[in-house]
$ cat model-v4.txt   # compact mmCIF, C-alpha atoms
# COMPACT_ATOMS: atom_id res chain seq x y z
CA ARG A 24 -12.88 15.70 -15.98
CA ASP A 25 -10.05 14.54 -18.23
CA ASN A 26 -7.42 16.17 -16.02
CA LYS A 27 -8.56 14.96 -12.60
CA VAL A 28 -6.12 12.99 -10.47
CA SER A 29 -6.68 9.26 -10.23
CA GLY A 30 -6.54 7.40 -6.93
CA GLY A 31 -8.55 6.59 -3.87
CA LEU A 32 -8.65 6.60 -0.10
CA THR A 33 -10.61 5.02 2.71
CA LEU A 34 -11.66 6.88 5.83
CA TYR A 35 -13.30 5.80 9.05
CA PHE A 36 -15.92 8.24 10.31
CA ASP A 37 -15.79 7.68 14.02
CA SER A 38 -18.95 9.66 14.74
CA PHE A 39 -20.93 7.34 12.42
CA GLN A 40 -18.77 4.25 13.14
CA GLU A 41 -18.69 3.65 9.39
CA PRO A 42 -15.89 3.30 6.82
CA PHE A 43 -16.10 5.19 3.53
CA ILE A 44 -14.27 4.69 0.22
CA LEU A 45 -13.62 7.60 -2.13
CA ILE A 46 -12.27 6.79 -5.60
CA ASN A 47 -11.72 9.15 -8.50
CA TYR A 48 -12.80 7.09 -11.50
CA ASN A 49 -10.03 6.63 -14.04
CA SER A 50 -10.39 3.61 -16.33
CA PRO A 51 -12.39 0.45 -15.61
CA TYR A 52 -9.14 -1.49 -15.10
CA GLU A 53 -7.43 0.95 -12.75
CA THR A 54 -10.61 1.80 -10.89
CA ALA A 55 -11.37 -1.88 -10.22
CA LEU A 56 -7.86 -2.55 -8.89
CA THR A 57 -7.94 0.63 -6.79
CA PHE A 58 -11.28 -0.45 -5.36
CA ILE A 59 -9.88 -3.88 -4.40
CA HIS A 60 -6.96 -2.18 -2.61
CA GLU A 61 -9.24 0.27 -0.81
CA PHE A 62 -11.68 -2.51 0.05
CA GLY A 63 -8.91 -4.09 2.14
CA HIS A 64 -8.89 -0.94 4.27
CA TYR A 65 -12.69 -0.79 4.27
CA PHE A 66 -13.08 -4.42 5.33
CA SER A 67 -10.69 -4.06 8.27
CA TYR A 68 -12.53 -0.95 9.45
CA PHE A 69 -15.86 -2.73 8.99
CA GLN A 70 -14.65 -5.66 11.10
CA ILE A 71 -13.01 -3.82 13.99
CA GLY A 72 -13.39 -0.06 13.50
CA GLU A 73 -10.36 2.09 14.11
CA HIS A 74 -7.47 0.28 15.74
CA GLU A 75 -4.06 0.89 17.23
CA GLY A 76 -2.11 -1.35 14.85
CA GLY A 77 -0.76 1.52 12.76
CA LEU A 78 -0.05 2.18 9.11
CA ASP A 79 1.90 -1.03 8.56
CA LEU A 80 -1.13 -3.16 9.40
CA ASP A 81 -3.46 -0.89 7.44
CA GLU A 82 -1.38 -1.34 4.30
CA THR A 83 -1.03 -5.09 4.89
CA TYR A 84 -4.83 -5.39 4.79
CA SER A 85 -5.09 -3.52 1.49
CA GLN A 86 -2.14 -5.23 -0.21
CA ALA A 87 -3.13 -8.72 0.97
CA MET A 88 -6.66 -8.07 -0.30
CA GLU A 89 -5.19 -7.36 -3.76
CA LEU A 90 -3.36 -10.68 -3.70
CA LEU A 91 -6.20 -12.75 -2.24
CA ALA A 92 -8.58 -11.34 -4.86
CA MET A 93 -6.35 -12.39 -7.77
CA PRO A 94 -8.21 -15.67 -8.49
CA TYR A 95 -11.27 -13.49 -9.19
CA TYR A 96 -9.59 -10.79 -11.29
CA GLY A 97 -10.80 -12.26 -14.58
CA ALA A 98 -14.42 -12.23 -13.39
CA ILE A 99 -14.08 -8.76 -11.85
CA LEU A 100 -12.50 -7.27 -14.97
CA GLY A 101 -14.77 -9.23 -17.33
CA ASP A 102 -11.88 -10.80 -19.24
CA GLU A 103 -9.69 -13.74 -18.17
CA GLU A 104 -6.65 -12.55 -20.16
CA LEU A 105 -6.94 -9.11 -18.61
CA GLY A 106 -7.21 -10.84 -15.25
CA LYS A 107 -3.90 -12.63 -15.88
CA GLU A 108 -2.24 -9.34 -16.82
CA ALA A 109 -3.59 -7.84 -13.60
CA HIS A 110 -1.92 -10.68 -11.64
CA VAL A 111 1.48 -9.63 -13.01
CA TYR A 112 0.68 -5.94 -12.47
CA THR A 113 -0.27 -6.57 -8.82
CA VAL A 114 2.74 -8.69 -7.87
CA ASP A 115 5.10 -6.42 -9.79
CA GLY A 116 3.61 -3.42 -7.96
CA LEU A 117 4.22 -4.98 -4.56
CA ILE A 118 7.81 -5.87 -5.37
CA ALA A 119 8.32 -2.30 -6.62
CA ALA A 120 6.71 -1.00 -3.40
CA ILE A 121 9.27 -2.88 -1.32
CA ILE A 122 12.15 -1.34 -3.26
CA GLU A 123 10.65 2.16 -3.51
CA GLY A 124 9.69 2.25 0.16
CA CYS A 125 13.27 1.48 1.18
CA LEU A 126 14.58 4.03 -1.32
CA TYR A 127 12.32 6.82 -0.03
CA GLU A 128 13.08 5.90 3.58
CA GLU A 129 16.83 6.17 3.03
CA PHE A 130 16.38 9.38 1.03
CA LEU A 131 14.25 11.03 3.73
CA GLN A 132 16.60 9.96 6.53
CA GLN A 133 19.46 11.71 4.76
CA VAL A 134 17.30 14.76 3.97
CA TYR A 135 16.33 15.20 7.62
CA GLU A 136 19.91 14.67 8.78
CA ASN A 137 20.91 17.65 6.62
CA PRO A 138 17.79 19.76 5.93
CA ASN A 139 19.74 22.67 4.44
CA ARG A 140 20.46 21.01 1.10
CA THR A 141 19.53 22.88 -2.05
CA VAL A 142 16.95 21.46 -4.45
CA GLN A 143 19.78 20.57 -6.83
CA GLU A 144 21.55 18.66 -4.04
CA LEU A 145 18.32 16.83 -3.17
CA ASN A 146 17.85 15.82 -6.80
CA GLU A 147 21.44 14.56 -6.95
CA LEU A 148 21.03 12.63 -3.70
CA TYR A 149 17.82 10.98 -4.90
CA THR A 150 19.40 10.06 -8.25
CA LYS A 151 22.45 8.56 -6.49
CA LEU A 152 20.35 6.50 -4.05
CA ALA A 153 17.97 5.33 -6.78
CA SER A 154 20.89 4.04 -8.85
CA GLU A 155 22.10 2.08 -5.81
CA TYR A 156 18.65 0.44 -5.65
CA GLY A 157 18.76 -0.32 -9.38
CA VAL A 158 15.97 2.14 -10.14
CA GLU A 159 16.18 4.52 -13.10
CA VAL A 160 14.59 7.85 -12.22
CA ASP A 161 14.31 11.45 -13.17
CA GLY A 162 16.16 12.94 -10.20
CA ARG A 163 13.24 15.28 -9.56
CA SER A 164 10.57 12.57 -9.33
CA TRP A 165 10.73 12.45 -5.51
CA CYS A 166 8.91 15.81 -5.63
CA GLU A 167 5.83 14.13 -7.12
CA VAL A 168 5.20 11.93 -4.06
CA PRO A 169 2.94 13.88 -1.67
CA HIS A 170 3.79 11.49 1.18
CA ASN A 171 7.27 13.03 1.28
CA TYR A 172 5.76 16.33 2.41
CA GLU A 173 2.51 15.43 4.12
CA MET A 174 3.52 12.22 5.93
CA PRO A 175 7.31 11.82 5.86
CA PHE A 176 8.51 8.25 6.42
CA TYR A 177 5.03 6.86 5.59
CA TYR A 178 6.24 5.22 2.40
CA LEU A 179 8.22 2.55 4.24
CA SER A 180 4.87 1.15 5.39
CA TYR A 181 4.25 0.05 1.79
CA SER A 182 7.48 -1.99 1.92
CA VAL A 183 7.01 -3.56 5.33
CA SER A 184 3.35 -4.36 4.72
CA ALA A 185 4.05 -5.78 1.24
CA VAL A 186 6.35 -8.39 2.78
CA ALA A 187 3.61 -9.44 5.22
CA ALA A 188 0.96 -9.40 2.47
CA LEU A 189 3.11 -11.60 0.22
CA GLU A 190 3.46 -14.08 3.08
CA VAL A 191 -0.34 -14.24 3.49
CA TRP A 192 -0.58 -14.79 -0.27
CA GLU A 193 2.06 -17.54 -0.14
CA GLN A 194 -0.08 -19.35 2.45
CA SER A 195 -3.14 -18.98 0.23
CA LEU A 196 -1.32 -20.52 -2.74
CA ILE A 197 -0.69 -23.65 -0.69
CA ASP A 198 -4.06 -23.61 1.07
CA GLN A 199 -6.50 -20.89 0.04
CA GLU A 200 -8.68 -21.32 3.10
CA LYS A 201 -5.68 -21.06 5.43
CA GLY A 202 -4.50 -17.88 3.71
CA MET A 203 -7.95 -16.33 4.04
CA GLN A 204 -8.14 -17.32 7.70
CA THR A 205 -4.72 -15.82 8.39
CA TYR A 206 -5.95 -12.58 6.81
CA LEU A 207 -9.05 -12.54 9.04
CA ASN A 208 -6.97 -13.43 12.12
CA LEU A 209 -4.56 -10.60 11.34
CA ILE A 210 -7.42 -8.10 11.28
CA GLU A 211 -8.65 -9.38 14.65
CA ALA A 212 -5.12 -9.23 16.06
CA ALA A 213 -5.01 -5.48 15.35
CA ARG A 214 -7.54 -4.79 18.09
CA ASP A 215 -4.89 -4.96 20.81
CA ASN A 216 -1.53 -5.38 19.09
CA SER A 217 1.14 -3.45 17.24
CA PHE A 218 2.20 -4.57 13.76
CA LEU A 219 4.93 -6.98 14.86
CA GLU A 220 2.85 -8.31 17.76
CA ALA A 221 -0.07 -8.98 15.38
CA LEU A 222 2.19 -10.80 12.91
CA GLU A 223 3.62 -12.93 15.69
CA GLU A 224 0.15 -13.72 17.07
CA VAL A 225 -1.06 -15.10 13.72
CA GLY A 226 2.18 -16.94 13.02
$ encode --input "model-v4.txt" --output "structure tokens"
Amino acid sequence: RDNKVSGGLTLYFDSFQEPFILINYNSPYETALTFIHEFGHYFSYFQIGEHEGGLDLDETYSQAMELLAMPYYGAILGDEELGKEAHVYTVDGLIAAIIEGCLYEEFLQQVYENPNRTVQELNELYTKLASEYGVEVDGRSWCEVPHNYEMPFYYLSYSVSAVAALEVWEQSLIDQEKGMQTYLNLIEAARDNSFLEALEEVG
């Protein structure tokens, strides 16, 4: 349908011991990039099943997959110029995720410290904080992020994981094989470690 919501998610069905990707098709470009992101989740589940590493590791796998796949974007999208544009889109998105995650985290901390604010006061708070982060927003746009209701404080995982994913990518730019191996080692490290422990284990 023309009005369906775009996006995707990856689940692990424990009873089947199988991961599953669901994507609402949007455009070839967006759907391909969404699939690459979700495939990072899928691949980690495929390798080790469910793990105790938490959301920060889960998002590191998906974001690092986006970055490690960049040399192949042209082939995946069927156009080298489009592939180059997708490089910029991906890196820009991760930098934005770092900023937005910190913004939403600070916003939600203040909301939960004083949960009796009116909607108008919440809009004013979000606008004020966004300006401090250098982000121009409609003060009501925080309402459009379902994470704020369904999984408060989740959004910071996009920031924390993006930093780790960018470090894996940096390694791959110097030595592609080393970057790939770090990614695989990080997945294995999630079997028995928290996010910070896993990062430390793989260096």
$ closest_residue --input "model-v4.txt" --among "A:Glu190, A:Glu173, A:Glu89, A:Glu123" --to "Ala153 in chain A" --atoms "all atoms listed in the file"
A:Glu123
$ closest_residue --input "model-v4.txt" --among "A:Ser67, A:Ser29, A:Asn216, A:Thr54" --to "Pro42 in chain A" --atoms "only C-alpha atoms"
A:Ser67
$ closest_residue --input "model-v4.txt" --among "A:Ala187, A:Leu91, A:Leu78, A:Leu126" --to "Tyr156 in chain A" --atoms "all atoms listed in the file"
A:Leu126
$ closest_residue --input "model-v4.txt" --among "A:Ala55, A:Leu32, A:Ala87, A:Ala212" --to "Leu189 in chain A" --atoms "only C-alpha atoms"
A:Ala87
$ atom_distance --input "model-v4.txt" --atom1 "CA of Phe69 in chain A" --atom2 "CA of Ala188 in chain A"
19.2 Å
$ closest_residue --input "model-v4.txt" --among "A:Ser38, A:Thr205, A:Asn26, A:Asn146" --to "Trp192 in chain A" --atoms "all atoms listed in the file"
A:Thr205
$ residues_near_point --input "model-v4.txt" --point "(-0.7, 6.2, -2.7)" --cutoff "9 Å" --atoms "all atoms listed in the file" --output "ChimeraX atom specification"
/A:30-32,168-170,178
$ write_last_selection --input "model-v4.txt" --atoms "C-alpha atoms" --output "mmCIF file, keeping the file's coordinate frame"
data_model
loop_
_atom_site.group_PDB
_atom_site.id
_atom_site.type_symbol
_atom_site.label_atom_id
_atom_site.label_comp_id
_atom_site.auth_asym_id
_atom_site.auth_seq_id
_atom_site.Cartn_x
_atom_site.Cartn_y
_atom_site.Cartn_z
ATOM 1 C CA GLY A 30 -6.540 7.400 -6.930
ATOM 2 C CA GLY A 31 -8.550 6.590 -3.870
ATOM 3 C CA LEU A 32 -8.650 6.600 -0.100
ATOM 4 C CA VAL A 168 5.200 11.930 -4.060
ATOM 5 C CA PRO A 169 2.940 13.880 -1.670
ATOM 6 C CA HIS A 170 3.790 11.490 1.180
ATOM 7 C CA TYR A 178 6.240 5.220 2.400
#
$ closest_residue --input "model-v4.txt" --among "A:Glu61, A:Ile121, A:Ile44, A:Ile71" --to "Asn208 in chain A" --atoms "only C-alpha atoms"
A:Ile71
$ residues_around --input "model-v4.txt" --residues "Thr150 in chain A" --least-positions-apart "6" --cutoff "12 Å" --atoms "only C-alpha atoms" --output "VMD selection string"
chain A and resid 126 to 127 130 143 to 144 156 to 165
$ write_last_selection --input "model-v4.txt" --atoms "C-alpha atoms" --output "short mmCIF file (atom, residue, chain, number, x, y, z; two decimals), keeping the file's coordinate frame"
data_model
loop_
_atom_site.label_atom_id
_atom_site.label_comp_id
_atom_site.auth_asym_id
_atom_site.auth_seq_id
_atom_site.Cartn_x
_atom_site.Cartn_y
_atom_site.Cartn_z
CA LEU A 126 14.58 4.03 -1.32
CA TYR A 127 12.32 6.82 -0.03
CA PHE A 130 16.38 9.38 1.03
CA GLN A 143 19.78 20.57 -6.83
CA GLU A 144 21.55 18.66 -4.04
CA TYR A 156 18.65 0.44 -5.65
CA GLY A 157 18.76 -0.32 -9.38
CA VAL A 158 15.97 2.14 -10.14
CA GLU A 159 16.18 4.52 -13.10
CA VAL A 160 14.59 7.85 -12.22
CA ASP A 161 14.31 11.45 -13.17
CA GLY A 162 16.16 12.94 -10.20
CA ARG A 163 13.24 15.28 -9.56
CA SER A 164 10.57 12.57 -9.33
CA TRP A 165 10.73 12.45 -5.51
#
$ atom_distance --input "model-v4.txt" --atom1 "CA of Ser50 in chain A" --atom2 "CA of Ala185 in chain A"
24.6 Å
$ build_atoms --input "model-v4.txt" --residues "range 97-133 of chain A" --atoms "N, CA and C atoms" --output "PDB file, keeping the file's coordinate frame"
ATOM      1  N   GLY A  97     -10.196 -12.087 -13.259  1.00  0.00           N
ATOM      2  CA  GLY A  97     -10.800 -12.260 -14.580  1.00  0.00           C
ATOM      3  C   GLY A  97     -12.292 -11.954 -14.548  1.00  0.00           C
ATOM      4  N   ALA A  98     -12.985 -12.477 -13.529  1.00  0.00           N
ATOM      5  CA  ALA A  98     -14.420 -12.230 -13.390  1.00  0.00           C
ATOM      6  C   ALA A  98     -14.697 -10.758 -13.091  1.00  0.00           C
ATOM      7  N   ILE A  99     -13.878 -10.167 -12.227  1.00  0.00           N
ATOM      8  CA  ILE A  99     -14.080  -8.760 -11.850  1.00  0.00           C
ATOM      9  C   ILE A  99     -13.875  -7.845 -13.047  1.00  0.00           C
ATOM     10  N   LEU A 100     -12.832  -8.124 -13.831  1.00  0.00           N
ATOM     11  CA  LEU A 100     -12.500  -7.270 -14.970  1.00  0.00           C
ATOM     12  C   LEU A 100     -13.258  -7.665 -16.239  1.00  0.00           C
ATOM     13  N   GLY A 101     -13.969  -8.805 -16.182  1.00  0.00           N
ATOM     14  CA  GLY A 101     -14.770  -9.230 -17.330  1.00  0.00           C
ATOM     15  C   GLY A 101     -13.975  -9.830 -18.463  1.00  0.00           C
ATOM     16  N   ASP A 102     -12.732 -10.255 -18.194  1.00  0.00           N
ATOM     17  CA  ASP A 102     -11.880 -10.800 -19.240  1.00  0.00           C
ATOM     18  C   ASP A 102     -10.759 -11.596 -18.563  1.00  0.00           C
ATOM     19  N   GLU A 103     -10.681 -12.891 -18.838  1.00  0.00           N
ATOM     20  CA  GLU A 103      -9.690 -13.740 -18.170  1.00  0.00           C
ATOM     21  C   GLU A 103      -8.257 -13.341 -18.518  1.00  0.00           C
ATOM     22  N   GLU A 104      -8.011 -12.967 -19.779  1.00  0.00           N
ATOM     23  CA  GLU A 104      -6.650 -12.550 -20.160  1.00  0.00           C
ATOM     24  C   GLU A 104      -6.253 -11.269 -19.448  1.00  0.00           C
ATOM     25  N   LEU A 105      -7.194 -10.339 -19.358  1.00  0.00           N
ATOM     26  CA  LEU A 105      -6.940  -9.110 -18.610  1.00  0.00           C
ATOM     27  C   LEU A 105      -6.688  -9.422 -17.144  1.00  0.00           C
ATOM     28  N   GLY A 106      -7.419 -10.408 -16.623  1.00  0.00           N
ATOM     29  CA  GLY A 106      -7.210 -10.840 -15.250  1.00  0.00           C
ATOM     30  C   GLY A 106      -5.806 -11.353 -15.026  1.00  0.00           C
ATOM     31  N   LYS A 107      -5.275 -12.117 -15.988  1.00  0.00           N
ATOM     32  CA  LYS A 107      -3.900 -12.630 -15.880  1.00  0.00           C
ATOM     33  C   LYS A 107      -2.882 -11.496 -15.910  1.00  0.00           C
ATOM     34  N   GLU A 108      -3.125 -10.505 -16.776  1.00  0.00           N
ATOM     35  CA  GLU A 108      -2.240  -9.340 -16.820  1.00  0.00           C
ATOM     36  C   GLU A 108      -2.270  -8.594 -15.486  1.00  0.00           C
ATOM     37  N   ALA A 109      -3.450  -8.527 -14.883  1.00  0.00           N
ATOM     38  CA  ALA A 109      -3.590  -7.840 -13.600  1.00  0.00           C
ATOM     39  C   ALA A 109      -2.846  -8.575 -12.492  1.00  0.00           C
ATOM     40  N   HIS A 110      -2.730  -9.911 -12.602  1.00  0.00           N
ATOM     41  CA  HIS A 110      -1.920 -10.680 -11.640  1.00  0.00           C
ATOM     42  C   HIS A 110      -0.489 -10.166 -11.647  1.00  0.00           C
ATOM     43  N   VAL A 111       0.089 -10.076 -12.853  1.00  0.00           N
ATOM     44  CA  VAL A 111       1.480  -9.630 -13.010  1.00  0.00           C
ATOM     45  C   VAL A 111       1.621  -8.197 -12.504  1.00  0.00           C
ATOM     46  N   TYR A 112       0.666  -7.353 -12.879  1.00  0.00           N
ATOM     47  CA  TYR A 112       0.680  -5.940 -12.470  1.00  0.00           C
ATOM     48  C   TYR A 112       0.671  -5.826 -10.942  1.00  0.00           C
ATOM     49  N   THR A 113      -0.139  -6.638 -10.279  1.00  0.00           N
ATOM     50  CA  THR A 113      -0.270  -6.570  -8.820  1.00  0.00           C
ATOM     51  C   THR A 113       1.009  -7.017  -8.123  1.00  0.00           C
ATOM     52  N   VAL A 114       1.532  -8.177  -8.513  1.00  0.00           N
ATOM     53  CA  VAL A 114       2.740  -8.690  -7.870  1.00  0.00           C
ATOM     54  C   VAL A 114       3.933  -7.785  -8.170  1.00  0.00           C
ATOM     55  N   ASP A 115       4.040  -7.337  -9.418  1.00  0.00           N
ATOM     56  CA  ASP A 115       5.100  -6.420  -9.790  1.00  0.00           C
ATOM     57  C   ASP A 115       5.017  -5.131  -8.967  1.00  0.00           C
ATOM     58  N   GLY A 116       3.804  -4.641  -8.750  1.00  0.00           N
ATOM     59  CA  GLY A 116       3.610  -3.420  -7.960  1.00  0.00           C
ATOM     60  C   GLY A 116       4.058  -3.584  -6.521  1.00  0.00           C
ATOM     61  N   LEU A 117       3.805  -4.762  -5.946  1.00  0.00           N
ATOM     62  CA  LEU A 117       4.220  -4.980  -4.560  1.00  0.00           C
ATOM     63  C   LEU A 117       5.728  -5.113  -4.429  1.00  0.00           C
ATOM     64  N   ILE A 118       6.350  -5.766  -5.397  1.00  0.00           N
ATOM     65  CA  ILE A 118       7.810  -5.870  -5.370  1.00  0.00           C
ATOM     66  C   ILE A 118       8.427  -4.474  -5.535  1.00  0.00           C
ATOM     67  N   ALA A 119       7.851  -3.680  -6.438  1.00  0.00           N
ATOM     68  CA  ALA A 119       8.320  -2.300  -6.620  1.00  0.00           C
ATOM     69  C   ALA A 119       8.115  -1.488  -5.343  1.00  0.00           C
ATOM     70  N   ALA A 120       6.999  -1.736  -4.642  1.00  0.00           N
ATOM     71  CA  ALA A 120       6.710  -1.000  -3.400  1.00  0.00           C
ATOM     72  C   ALA A 120       7.768  -1.290  -2.334  1.00  0.00           C
ATOM     73  N   ILE A 121       8.228  -2.529  -2.294  1.00  0.00           N
ATOM     74  CA  ILE A 121       9.270  -2.880  -1.320  1.00  0.00           C
ATOM     75  C   ILE A 121      10.545  -2.077  -1.617  1.00  0.00           C
ATOM     76  N   ILE A 122      10.927  -2.054  -2.873  1.00  0.00           N
ATOM     77  CA  ILE A 122      12.150  -1.340  -3.260  1.00  0.00           C
ATOM     78  C   ILE A 122      11.974   0.166  -3.083  1.00  0.00           C
ATOM     79  N   GLU A 123      10.860   0.710  -3.584  1.00  0.00           N
ATOM     80  CA  GLU A 123      10.650   2.160  -3.510  1.00  0.00           C
ATOM     81  C   GLU A 123      10.507   2.640  -2.072  1.00  0.00           C
ATOM     82  N   GLY A 124       9.841   1.852  -1.241  1.00  0.00           N
ATOM     83  CA  GLY A 124       9.690   2.250   0.160  1.00  0.00           C
ATOM     84  C   GLY A 124      11.034   2.372   0.848  1.00  0.00           C
ATOM     85  N   CYS A 125      11.917   1.417   0.588  1.00  0.00           N
ATOM     86  CA  CYS A 125      13.270   1.480   1.180  1.00  0.00           C
ATOM     87  C   CYS A 125      14.052   2.653   0.612  1.00  0.00           C
ATOM     88  N   LEU A 126      13.894   2.904  -0.683  1.00  0.00           N
ATOM     89  CA  LEU A 126      14.580   4.030  -1.320  1.00  0.00           C
ATOM     90  C   LEU A 126      14.125   5.354  -0.694  1.00  0.00           C
ATOM     91  N   TYR A 127      12.814   5.561  -0.597  1.00  0.00           N
ATOM     92  CA  TYR A 127      12.320   6.820  -0.030  1.00  0.00           C
ATOM     93  C   TYR A 127      12.700   6.954   1.441  1.00  0.00           C
ATOM     94  N   GLU A 128      12.689   5.844   2.171  1.00  0.00           N
ATOM     95  CA  GLU A 128      13.080   5.900   3.580  1.00  0.00           C
ATOM     96  C   GLU A 128      14.519   6.370   3.721  1.00  0.00           C
ATOM     97  N   GLU A 129      15.416   5.781   2.937  1.00  0.00           N
ATOM     98  CA  GLU A 129      16.830   6.170   3.030  1.00  0.00           C
ATOM     99  C   GLU A 129      17.017   7.621   2.578  1.00  0.00           C
ATOM    100  N   PHE A 130      16.311   8.004   1.522  1.00  0.00           N
ATOM    101  CA  PHE A 130      16.380   9.380   1.030  1.00  0.00           C
ATOM    102  C   PHE A 130      15.937  10.364   2.115  1.00  0.00           C
ATOM    103  N   LEU A 131      14.781  10.106   2.725  1.00  0.00           N
ATOM    104  CA  LEU A 131      14.250  11.030   3.730  1.00  0.00           C
ATOM    105  C   LEU A 131      15.129  11.078   4.985  1.00  0.00           C
ATOM    106  N   GLN A 132      15.696   9.941   5.374  1.00  0.00           N
ATOM    107  CA  GLN A 132      16.600   9.960   6.530  1.00  0.00           C
ATOM    108  C   GLN A 132      17.768  10.914   6.279  1.00  0.00           C
ATOM    109  N   GLN A 133      18.328  10.835   5.072  1.00  0.00           N
ATOM    110  CA  GLN A 133      19.460  11.710   4.760  1.00  0.00           C
ATOM    111  C   GLN A 133      19.021  13.169   4.618  1.00  0.00           C
TER     112      GLN A 133
END
